[in-house]
Amino acid sequence: MANLVSIIVPAYNGESTIAGTLASARAQVGVECEIIVVDDGSTDRTVQIVAEQADRDARIKLISGPRGGVARARNLAVSNANGNFIAPLDADDLWHPEKLARQLARFEECGPDCGLVYNWFRRIDQDDMVIAGSPRPMVEGRVFYRHLSWNFISNGSTPLIRREALASVQYEPELRDRGLQGCEDYLLQLQLAQRHKFACVPAFLTGYRRAPGAMSTNVERMIRSHILMFEMIADEAGDSGAWIVRRQLARLHVELARNSLGKLNPAGMVRNLGRALAKDRVMAARSLKFEFVRLLQGGHRTPAGSTRGFDAFSAEEIDGPWTALRSIEALGELAAMDNESGSGLPDHLAREAF
């Protein structure tokens with residue numbers, strides 16, 4: 001089965017969502033697949049729920065182990081996978097029934113030098129209701145510098161990855177070991193982007209959950225996880241990407257400063273502002289201006305909710321307005337960097353890229 005897809009699902013205390021997640025994996029049409037669930041030391045009914053579904057569907061394989069973090073769980077699943085394509089799926093996310101089939105078709109169109117196909121996603125709440133304003137990025141080909149400056153994939157349940165592309169990279173457990181789990185997907189995608197082309201299926205095929213208490217809502221930890229990830233990828237970014245890394249770190253340290261202010265920690269605020277300025281003064285100033293405007297506006301506004309669930313939308317249906325924060329000109333310059341490996345941007349263009 002040349003197009004067998006191995007769906008890998010790391011699960012930790014996911015009893016409230018794992019049944020729906022597996023149902024969306026089992027409902028994939030037009031593909032041959034196996035579903036590998038790695039229980040990462042759950043203490044709730046996750047194992048029981050998965051085992052019950054495995055009894056009804058022979059495609060589901062359950063692997064249980066001690067708590068080791070999402071990266072180790074995914075790596076264990078990949079090592080037990082039989083497919084030529086790997087489809088990560090978080091234990092609280094959902095898929096449209098045509099997701100994998102449409103991604104496989106895109107792989108066929110793009111040829112063997114394409115290592116990853118992503119699609120658009122909708123944010124969903126704890127009740128599977130869509131949060132309006134789903135992004136619609138269209139970034140393809142060599143994408144490393146664009147992805148380094150803008151995480152346009154945004155989650156780990158969206159990519160379909162060619163198995164051969166994972167021969168030299170894997171999910172990084174060090175983030176979890178240092179208490180900063182959260183950016184394993186982004187780091188792996190960046191490493192893949194250095195080695196392979198990416199392609200997009202322009203359809204909303206993933207339901208990405210943003211429920212209260214989810215890891216992605218732990219603001220400070222996610223900021224620190226991003227900082228560590230950019231520090232880890234800095235060497236691979238090389239001289240051409242160093243300015244992007246510095247600007248990302250400057251922006252993130254400003255966000256940490258704002259977080260420290262909210263926690264009435266003036267020493268932390270001053271320390272992180274100093275780090276931001278040391279990384280890139282221009283980006284630090286722009287980020288400070290953004291945070292000041294946001295403060296005057298009362299913080300980020302909660303996105304408008306929808307009265308319809310994820311399954312009620314067609315794959316192509318737009319659920320609300322979305323405006324990309326990156327300009328076409330900025331992305332064009334970064335695309336030139338992607339297409340001319342190692343060429344970098346002239347200083348005067350780099351200053352205008354964000």
# chains A, B, ... in the order shown; residues from 1 in each chain; ligands from 1
$ select_by_dssp --residues "range 39-253 of chain A" --states "strand (DSSP E or B)" --output "ChimeraX atom specification"
/A:39-40,60-65,85-88,94-95,114-124,129-131,141,160-162,197-209
$ write_last_selection --atoms "C-alpha atoms" --output "short mmCIF file (atom, residue, chain, number, x, y, z; two decimals), in the first residue's frame"
data_model
loop_
_atom_site.label_atom_id
_atom_site.label_comp_id
_atom_site.auth_asym_id
_atom_site.auth_seq_id
_atom_site.Cartn_x
_atom_site.Cartn_y
_atom_site.Cartn_z
CA ASP A 39 -1.07 7.13 25.66
CA ASP A 40 1.40 9.38 27.47
CA ILE A 60 -6.52 1.48 15.81
CA LYS A 61 -3.38 0.46 17.70
CA LEU A 62 -2.88 1.57 21.30
CA ILE A 63 0.59 1.97 22.79
CA SER A 64 0.83 2.90 26.47
CA GLY A 65 3.83 4.22 28.33
CA PHE A 85 2.86 9.21 5.01
CA ILE A 86 2.59 10.44 8.60
CA ALA A 87 -0.45 12.43 9.75
CA PRO A 88 -0.12 13.92 13.27
CA LEU A 94 -10.94 17.24 14.48
CA TRP A 95 -10.61 16.53 10.75
CA CYS A 114 7.45 17.89 -1.66
CA GLY A 115 7.87 16.78 1.94
CA LEU A 116 4.79 18.27 3.60
CA VAL A 117 1.27 19.26 2.57
CA TYR A 118 -0.77 21.44 4.90
CA ASN A 119 -4.30 22.81 4.72
CA TRP A 120 -6.31 25.60 6.30
CA PHE A 121 -7.84 25.19 9.74
CA ARG A 122 -10.75 26.51 11.77
CA ARG A 123 -10.42 27.34 15.46
CA ILE A 124 -13.03 25.52 17.54
CA MET A 129 -18.24 25.38 17.67
CA VAL A 130 -16.24 27.39 15.13
CA ILE A 131 -14.53 30.62 16.20
CA GLY A 141 7.48 25.77 -2.46
CA LEU A 160 0.61 15.39 6.18
CA ILE A 161 4.28 14.47 6.04
CA ARG A 162 6.11 12.19 3.63
CA LYS A 197 9.18 21.89 -0.39
CA PHE A 198 5.76 22.48 1.16
CA ALA A 199 2.38 22.59 -0.58
CA CYS A 200 -1.11 23.68 0.46
CA VAL A 201 -4.64 22.37 0.06
CA PRO A 202 -6.71 25.60 0.18
CA ALA A 203 -9.59 24.21 2.22
CA PHE A 204 -10.57 24.22 5.89
CA LEU A 205 -9.90 20.59 6.79
CA THR A 206 -8.72 20.82 10.42
CA GLY A 207 -10.60 21.82 13.55
CA TYR A 208 -7.98 23.24 15.93
CA ARG A 209 -9.32 23.38 19.47
#
$ residues_around --residues "Arg146 in chain A" --least-positions-apart "3" --cutoff "12 Å" --atoms "only C-alpha atoms" --output "MDAnalysis selection string"
chainID A and resid 137:143 149:153 189:190 193:194 198 237 241 244:245 326:328 330:339 353:354
$ residues_around --residues "Ile49 in chain A" --least-positions-apart "5" --cutoff "9 Å" --atoms "only C-alpha atoms" --output "PyMOL selection string"
chain A and resi 15+18-19+54
$ select_by_dssp --residues "range 179-345 of chain A" --states "alpha helix (DSSP H)" --output "VMD selection string"
chain A and resid 184 to 195 219 to 262 266 to 279 281 to 296 328 to 339
$ closest_residue --among "A:His147, A:Lys279, A:His196, A:Arg45" --to "Glu231 in chain A" --atoms "only C-alpha atoms"
A:Lys279
$ closest_atom_pairs --of "range 219-263 of chain A" --to "range 295-299 of chain A" --cutoff "12 Å" --atoms "only C-alpha atoms" --output "CSV"
residue,atom,partner,partner_atom,distance
A:Arg258,CA,A:Leu295,CA,9.6
A:Asn259,CA,A:Leu295,CA,11.8
A:Leu261,CA,A:Leu295,CA,11.4
A:Gly262,CA,A:Leu295,CA,10.7
$ atom_distance --atom1 "CA of Gly182 in chain A" --atom2 "CA of Leu228 in chain A"
10.4 Å
$ residues_around --residues "Leu273 in chain A" --least-positions-apart "3" --cutoff "12 Å" --atoms "only C-alpha atoms" --output "VMD selection string"
chain A and resid 249 to 261 266 to 270 276 to 281 283 to 285 287 to 288
$ write_last_selection --atoms "N, CA and C atoms" --output "PDB file, in the first residue's frame"
ATOM      1  N   LEU A 249      12.889  36.973  18.425  1.00  0.00           N
ATOM      2  CA  LEU A 249      13.231  36.967  19.845  1.00  0.00           C
ATOM      3  C   LEU A 249      12.938  38.320  20.487  1.00  0.00           C
ATOM      4  N   ALA A 250      13.205  39.404  19.761  1.00  0.00           N
ATOM      5  CA  ALA A 250      12.887  40.725  20.295  1.00  0.00           C
ATOM      6  C   ALA A 250      11.385  40.853  20.546  1.00  0.00           C
ATOM      7  N   ARG A 251      10.598  40.442  19.567  1.00  0.00           N
ATOM      8  CA  ARG A 251       9.137  40.500  19.715  1.00  0.00           C
ATOM      9  C   ARG A 251       8.662  39.669  20.899  1.00  0.00           C
ATOM     10  N   LEU A 252       9.206  38.477  21.063  1.00  0.00           N
ATOM     11  CA  LEU A 252       8.775  37.581  22.130  1.00  0.00           C
ATOM     12  C   LEU A 252       9.173  38.108  23.503  1.00  0.00           C
ATOM     13  N   HIS A 253      10.350  38.723  23.619  1.00  0.00           N
ATOM     14  CA  HIS A 253      10.747  39.279  24.908  1.00  0.00           C
ATOM     15  C   HIS A 253       9.882  40.480  25.277  1.00  0.00           C
ATOM     16  N   VAL A 254       9.413  41.239  24.295  1.00  0.00           N
ATOM     17  CA  VAL A 254       8.456  42.302  24.598  1.00  0.00           C
ATOM     18  C   VAL A 254       7.152  41.693  25.119  1.00  0.00           C
ATOM     19  N   GLU A 255       6.720  40.597  24.516  1.00  0.00           N
ATOM     20  CA  GLU A 255       5.512  39.930  24.999  1.00  0.00           C
ATOM     21  C   GLU A 255       5.702  39.424  26.428  1.00  0.00           C
ATOM     22  N   LEU A 256       6.908  38.915  26.734  1.00  0.00           N
ATOM     23  CA  LEU A 256       7.184  38.486  28.111  1.00  0.00           C
ATOM     24  C   LEU A 256       7.174  39.679  29.065  1.00  0.00           C
ATOM     25  N   ALA A 257       7.693  40.815  28.602  1.00  0.00           N
ATOM     26  CA  ALA A 257       7.667  42.021  29.428  1.00  0.00           C
ATOM     27  C   ALA A 257       6.237  42.425  29.741  1.00  0.00           C
ATOM     28  N   ARG A 258       5.372  42.383  28.718  1.00  0.00           N
ATOM     29  CA  ARG A 258       3.955  42.700  28.948  1.00  0.00           C
ATOM     30  C   ARG A 258       3.323  41.713  29.930  1.00  0.00           C
ATOM     31  N   ASN A 259       3.685  40.442  29.803  1.00  0.00           N
ATOM     32  CA  ASN A 259       3.173  39.420  30.706  1.00  0.00           C
ATOM     33  C   ASN A 259       3.648  39.680  32.138  1.00  0.00           C
ATOM     34  N   SER A 260       4.913  40.087  32.282  1.00  0.00           N
ATOM     35  CA  SER A 260       5.449  40.394  33.609  1.00  0.00           C
ATOM     36  C   SER A 260       4.724  41.589  34.219  1.00  0.00           C
ATOM     37  N   LEU A 261       4.431  42.591  33.395  1.00  0.00           N
ATOM     38  CA  LEU A 261       3.690  43.753  33.879  1.00  0.00           C
ATOM     39  C   LEU A 261       2.324  43.339  34.395  1.00  0.00           C
ATOM     40  N   PRO A 266       7.715  44.136  38.034  1.00  0.00           N
ATOM     41  CA  PRO A 266       8.465  45.157  37.295  1.00  0.00           C
ATOM     42  C   PRO A 266       9.885  44.730  36.951  1.00  0.00           C
ATOM     43  N   ALA A 267      10.516  43.937  37.817  1.00  0.00           N
ATOM     44  CA  ALA A 267      11.878  43.488  37.525  1.00  0.00           C
ATOM     45  C   ALA A 267      11.895  42.605  36.282  1.00  0.00           C
ATOM     46  N   GLY A 268      10.917  41.718  36.171  1.00  0.00           N
ATOM     47  CA  GLY A 268      10.819  40.867  34.993  1.00  0.00           C
ATOM     48  C   GLY A 268      10.529  41.666  33.743  1.00  0.00           C
ATOM     49  N   MET A 269       9.704  42.703  33.887  1.00  0.00           N
ATOM     50  CA  MET A 269       9.395  43.547  32.743  1.00  0.00           C
ATOM     51  C   MET A 269      10.653  44.248  32.239  1.00  0.00           C
ATOM     52  N   VAL A 270      11.416  44.856  33.136  1.00  0.00           N
ATOM     53  CA  VAL A 270      12.629  45.573  32.747  1.00  0.00           C
ATOM     54  C   VAL A 270      13.646  44.617  32.147  1.00  0.00           C
ATOM     55  N   ALA A 276      14.951  42.355  24.768  1.00  0.00           N
ATOM     56  CA  ALA A 276      14.347  42.667  23.470  1.00  0.00           C
ATOM     57  C   ALA A 276      15.173  43.703  22.727  1.00  0.00           C
ATOM     58  N   LEU A 277      15.586  44.749  23.426  1.00  0.00           N
ATOM     59  CA  LEU A 277      16.381  45.795  22.796  1.00  0.00           C
ATOM     60  C   LEU A 277      17.743  45.270  22.353  1.00  0.00           C
ATOM     61  N   ALA A 278      18.296  44.348  23.122  1.00  0.00           N
ATOM     62  CA  ALA A 278      19.589  43.780  22.762  1.00  0.00           C
ATOM     63  C   ALA A 278      19.497  42.931  21.499  1.00  0.00           C
ATOM     64  N   LYS A 279      18.346  42.315  21.263  1.00  0.00           N
ATOM     65  CA  LYS A 279      18.175  41.470  20.074  1.00  0.00           C
ATOM     66  C   LYS A 279      17.950  42.307  18.822  1.00  0.00           C
ATOM     67  N   ASP A 280      17.029  43.261  18.882  1.00  0.00           N
ATOM     68  CA  ASP A 280      16.737  44.082  17.711  1.00  0.00           C
ATOM     69  C   ASP A 280      15.940  45.303  18.160  1.00  0.00           C
ATOM     70  N   ARG A 281      16.579  46.473  18.122  1.00  0.00           N
ATOM     71  CA  ARG A 281      15.944  47.682  18.628  1.00  0.00           C
ATOM     72  C   ARG A 281      14.712  48.085  17.813  1.00  0.00           C
ATOM     73  N   MET A 283      12.644  46.143  15.989  1.00  0.00           N
ATOM     74  CA  MET A 283      11.507  45.270  16.268  1.00  0.00           C
ATOM     75  C   MET A 283      11.004  45.456  17.690  1.00  0.00           C
ATOM     76  N   ALA A 284      11.907  45.681  18.650  1.00  0.00           N
ATOM     77  CA  ALA A 284      11.483  45.930  20.023  1.00  0.00           C
ATOM     78  C   ALA A 284      10.592  47.164  20.088  1.00  0.00           C
ATOM     79  N   ALA A 285      10.980  48.222  19.381  1.00  0.00           N
ATOM     80  CA  ALA A 285      10.183  49.452  19.378  1.00  0.00           C
ATOM     81  C   ALA A 285       8.816  49.216  18.745  1.00  0.00           C
ATOM     82  N   SER A 287       7.210  46.391  18.526  1.00  0.00           N
ATOM     83  CA  SER A 287       6.422  45.515  19.390  1.00  0.00           C
ATOM     84  C   SER A 287       5.886  46.274  20.590  1.00  0.00           C
ATOM     85  N   LEU A 288       6.701  47.174  21.135  1.00  0.00           N
ATOM     86  CA  LEU A 288       6.231  48.008  22.245  1.00  0.00           C
ATOM     87  C   LEU A 288       5.049  48.872  21.815  1.00  0.00           C
TER      88      LEU A 288
END
$ closest_residue --among "A:His96, A:Arg308, A:Arg176, A:Arg136" --to "Val29 in chain A" --atoms "only C-alpha atoms"
A:His96
